[in-house]
Amino acid sequence: MNAVLDGSCDVRRTIPATAREWRWALPDGHEVRRISFAPPAGRARGSILFMPGRADFYEKYLETLAEWAAAGWHVSAADWRGQGASGRMTPDPMVGDIADFSIWIADLRALWSDWARTTPGPHVLAGHSMGGHLVLRAVAEGAASPDAVVLSAPMLGFVTAIPQFVQHIYGKIMCRIGNPERMAWKTSEKPGSASNDRMNLLTHDSDRYSDELWWRAARPELEIGPASWRWVERAAASIESLRARGVLEAVMAPVLLLAAKRDALVSWPAIEQAADRLPRGELVAWGPEARHELLREADPVRRQVMAAIGSFLDRAVPAKAV
């Protein structure tokens, strides 16, 4: 099998010699980090822009990006403002924070404009978790106009003991009674979860899980911790904006939603409801064999995930006859 496709640590822990990493200035001057992969000569299929999740960085998805490139796609990814190697928004570099999710939507608008102008079509916009939420919101608001959309475990609701209808109110209260920039929880990916149990929230694959730890050691600037209370409150508000009547119903692009029914971080019912509302939405879901990071799951599930994406793209944006 091609080395790009064999799932080895070498693939997941190496920036390919053919990839380009650089920093790109947003309209306000803030620099974000980008990476691009060119497909093999003569295999141009179109272009995919991938946006990672909260506290993510694009190195976690090198395996997926390389597989898409090997299949003929021009592939790009970027770290969100304030994450990965795209700087921080608070004095404490371990806090994940943003004043409002609209900032990220504006950033994606600018990134999309530059990327779509410089890459061949058809253009596919993909995102994981928080990145999936922001991708869907950007499309709904007209900040990006892809030919197809792929969402991996999109953050369309939280898995929490706090009822959905009071989550935003609770976030507002917590911002008012203390510094909004303080961490909303202490460790791991959600309140009440121990750091030594973090893998059980994300993936069944210990080797792929350890890739993230390897990259954080190799590139310490990637390290980041829990979100701020302001992030929690603004995330709840942004989720509410997508739930408003008519918002998702107006998205005309074909959208693939991938979900784990036992996801412990994002709400499976919210993803299922969104798929029903999207005019051209398609939903593929897994049971207890899958956790939140579907693109970094154990091989049996991950192969199915990649096959589902490939099948969707073949139907949504068919390859042009040569």
# chains A, B, ... in the order shown; residues from 1 in each chain; ligands from 1
>>> select_by_dssp(residues="region 41-169 of chain A", states="strand (DSSP E)", output="list in words")
Gly46, Ser47, Ile48, Leu49, Phe50, Met51, Trp73, His74, Val75, Ser76, Ala77, Ala78, His123, Val124, Leu125, Ala126, Gly127, His128, Ala148, Val149, Val150, Leu151 and Ser152 of chain A
>>> residues_around(residues="Pro91 (chain A)", least_positions_apart="5", cutoff="12 Å", atoms="only C-alpha atoms", output="list in words")
Gly82, Gly96, Asp97, Glu181 and Arg182 of chain A
>>> residues_around(residues="Ala144 (chain A)", least_positions_apart="3", cutoff="8 Å", atoms="only C-alpha atoms", output="JSON, numbers by chain")
{"A": [108, 109, 112, 113, 138, 139, 141]}
>>> closest_residue(among="A:Ile98, A:Gly42, A:Ala126, A:Arg296", to="Ser210 (chain A)", atoms="only C-alpha atoms")
A:Arg296
>>> atom_distance(atom1="CA of Glu189 (chain A)", atom2="CA of Ser152 (chain A)")
16.9 Å
>>> select_by_dssp(residues="region 211-255 of chain A", states="helix (DSSP H, G or I)", output="ChimeraX atom specification")
/A:211-218,220-222,229-243,248-250
>>> atom_distance(atom1="CA of Gly131 (chain A)", atom2="CA of Ile309 (chain A)")
16.6 Å
>>> closest_residue(among="A:Pro163, A:Gly84, A:Gly287, A:Gly246", to="Glu212 (chain A)", atoms="only C-alpha atoms")
A:Gly84
>>> atom_distance(atom1="CA of Arg302 (chain A)", atom2="CA of Asp207 (chain A)")
13.4 Å
>>> residues_around(residues="region 56-60 of chain A", least_positions_apart="3", cutoff="7 Å", atoms="only C-alpha atoms", output="mmCIF file with N, CA, C and O atoms, in the first residue's frame")
data_model
loop_
_atom_site.group_PDB
_atom_site.id
_atom_site.type_symbol
_atom_site.label_atom_id
_atom_site.label_comp_id
_atom_site.auth_asym_id
_atom_site.auth_seq_id
_atom_site.Cartn_x
_atom_site.Cartn_y
_atom_site.Cartn_z
ATOM 1 N N PRO A 52 -9.827 22.580 11.685
ATOM 2 C CA PRO A 52 -9.869 21.704 12.863
ATOM 3 C C PRO A 52 -10.759 22.230 13.983
ATOM 4 O O PRO A 52 -11.355 23.302 13.875
ATOM 5 N N GLY A 53 -10.825 21.461 15.075
ATOM 6 C CA GLY A 53 -11.720 21.786 16.177
ATOM 7 C C GLY A 53 -11.087 22.633 17.268
ATOM 8 O O GLY A 53 -9.975 23.131 17.124
ATOM 9 N N ALA A 77 -5.218 23.363 5.036
ATOM 10 C CA ALA A 77 -5.773 23.457 6.381
ATOM 11 C C ALA A 77 -5.159 24.681 7.042
ATOM 12 O O ALA A 77 -4.149 25.221 6.569
ATOM 13 N N ALA A 78 -5.786 25.118 8.125
ATOM 14 C CA ALA A 78 -5.275 26.275 8.855
ATOM 15 C C ALA A 78 -5.633 26.141 10.321
ATOM 16 O O ALA A 78 -6.628 25.501 10.677
ATOM 17 N N ASP A 79 -4.818 26.719 11.183
ATOM 18 C CA ASP A 79 -5.157 26.832 12.599
ATOM 19 C C ASP A 79 -6.019 28.073 12.794
ATOM 20 O O ASP A 79 -5.712 29.145 12.251
ATOM 21 N N GLN A 83 -5.436 29.578 18.272
ATOM 22 C CA GLN A 83 -5.228 28.150 18.497
ATOM 23 C C GLN A 83 -4.020 27.664 17.711
ATOM 24 O O GLN A 83 -3.557 28.339 16.790
ATOM 25 N N GLY A 84 -3.556 26.455 18.051
ATOM 26 C CA GLY A 84 -2.422 25.890 17.349
ATOM 27 C C GLY A 84 -1.257 26.864 17.374
ATOM 28 O O GLY A 84 -0.876 27.378 18.420
ATOM 29 N N ASP A 211 -0.258 10.599 18.922
ATOM 30 C CA ASP A 211 0.275 11.528 17.921
ATOM 31 C C ASP A 211 0.135 12.968 18.392
ATOM 32 O O ASP A 211 1.035 13.797 18.203
ATOM 33 N N GLU A 212 -1.023 13.285 18.971
ATOM 34 C CA GLU A 212 -1.253 14.654 19.453
ATOM 35 C C GLU A 212 -0.223 15.016 20.519
ATOM 36 O O GLU A 212 0.338 16.123 20.498
ATOM 37 N N LEU A 222 2.030 24.600 20.194
ATOM 38 C CA LEU A 222 0.704 24.047 19.900
ATOM 39 C C LEU A 222 -0.104 23.783 21.161
ATOM 40 O O LEU A 222 -1.323 23.623 21.098
#
>>> residues_around(residues="Asp28 (chain A)", least_positions_apart="2", cutoff="12 Å", atoms="only C-alpha atoms", output="CSV table (one decimal) with all heavy atoms, in the first residue's frame")
chain,number,residue,atom,x,y,z
A,24,TRP,N,0.0,33.5,7.3
A,24,TRP,CA,-0.8,34.4,6.4
A,24,TRP,C,-1.6,35.4,7.2
A,24,TRP,O,-2.2,35.1,8.2
A,24,TRP,CB,-1.8,33.5,5.6
A,24,TRP,CG,-2.6,34.2,4.6
A,24,TRP,CD1,-2.2,34.7,3.4
A,24,TRP,CD2,-4.0,34.5,4.7
A,24,TRP,NE1,-3.3,35.3,2.7
A,24,TRP,CE2,-4.4,35.2,3.5
A,24,TRP,CE3,-5.0,34.3,5.7
A,24,TRP,CZ2,-5.7,35.7,3.3
A,24,TRP,CZ3,-6.3,34.7,5.5
A,24,TRP,CH2,-6.6,35.4,4.3
A,25,ALA,N,-1.5,36.6,6.8
A,25,ALA,CA,-2.1,37.7,7.6
A,25,ALA,C,-3.5,37.9,7.2
A,25,ALA,O,-3.9,38.1,6.0
A,25,ALA,CB,-1.3,39.0,7.3
A,26,LEU,N,-4.4,37.9,8.2
A,26,LEU,CA,-5.8,38.3,8.1
A,26,LEU,C,-5.9,39.8,7.9
A,26,LEU,O,-5.0,40.5,8.0
A,26,LEU,CB,-6.5,37.8,9.3
A,26,LEU,CG,-6.6,36.3,9.5
A,26,LEU,CD1,-6.9,36.0,11.0
A,26,LEU,CD2,-7.7,35.7,8.6
A,30,HIS,N,-3.6,40.0,12.1
A,30,HIS,CA,-3.3,38.8,12.8
A,30,HIS,C,-2.9,37.7,11.9
A,30,HIS,O,-3.6,37.5,10.9
A,30,HIS,CB,-4.5,38.4,13.6
A,30,HIS,CG,-4.3,37.3,14.6
A,30,HIS,ND1,-4.1,37.5,16.0
A,30,HIS,CD2,-4.1,36.0,14.4
A,30,HIS,CE1,-3.9,36.3,16.5
A,30,HIS,NE2,-3.9,35.4,15.6
A,31,GLU,N,-1.8,37.0,12.2
A,31,GLU,CA,-1.3,35.9,11.3
A,31,GLU,C,-1.8,34.6,11.8
A,31,GLU,O,-1.8,34.2,13.0
A,31,GLU,CB,0.2,36.0,11.3
A,31,GLU,CG,0.8,37.2,10.6
A,31,GLU,CD,2.3,37.1,10.4
A,31,GLU,OE1,2.9,36.2,11.1
A,31,GLU,OE2,2.8,37.8,9.5
A,32,VAL,N,-2.3,33.8,10.8
A,32,VAL,CA,-2.7,32.4,11.1
A,32,VAL,C,-1.8,31.5,10.3
A,32,VAL,O,-1.2,31.9,9.3
A,32,VAL,CB,-4.2,32.1,10.7
A,32,VAL,CG1,-5.1,32.9,11.6
A,32,VAL,CG2,-4.4,32.4,9.3
A,81,ARG,N,-7.5,31.4,14.5
A,81,ARG,CA,-6.9,32.5,15.3
A,81,ARG,C,-7.0,32.1,16.8
A,81,ARG,O,-8.1,31.6,17.3
A,81,ARG,CB,-7.7,33.7,15.1
A,81,ARG,CG,-7.4,34.9,16.0
A,81,ARG,CD,-8.4,36.0,15.9
A,81,ARG,NE,-8.7,36.6,14.6
A,81,ARG,CZ,-8.3,37.8,14.3
A,81,ARG,NH1,-7.7,38.6,15.1
A,81,ARG,NH2,-8.6,38.2,13.0
A,103,ILE,N,-15.8,36.6,15.0
A,103,ILE,CA,-14.4,36.9,14.6
A,103,ILE,C,-13.9,35.7,13.8
A,103,ILE,O,-13.3,36.0,12.7
A,103,ILE,CB,-13.6,37.1,15.8
A,103,ILE,CG1,-14.0,38.4,16.6
A,103,ILE,CG2,-12.1,37.2,15.5
A,103,ILE,CD1,-13.4,38.5,18.0
A,106,ALA,N,-15.5,35.8,10.3
A,106,ALA,CA,-14.8,36.8,9.5
A,106,ALA,C,-13.5,36.3,9.0
A,106,ALA,O,-13.1,36.5,7.8
A,106,ALA,CB,-14.7,38.1,10.2
A,107,ASP,N,-12.7,35.6,9.9
A,107,ASP,CA,-11.5,35.1,9.5
A,107,ASP,C,-11.6,34.0,8.4
A,107,ASP,O,-10.9,34.0,7.4
A,107,ASP,CB,-10.8,34.4,10.7
A,107,ASP,CG,-10.3,35.4,11.7
A,107,ASP,OD1,-10.3,36.6,11.4
A,107,ASP,OD2,-9.9,35.0,12.8
A,110,ALA,N,-12.3,35.6,5.0
A,110,ALA,CA,-11.1,36.1,4.3
A,110,ALA,C,-10.2,34.9,3.8
A,110,ALA,O,-9.7,35.0,2.7
A,110,ALA,CB,-10.3,36.9,5.3
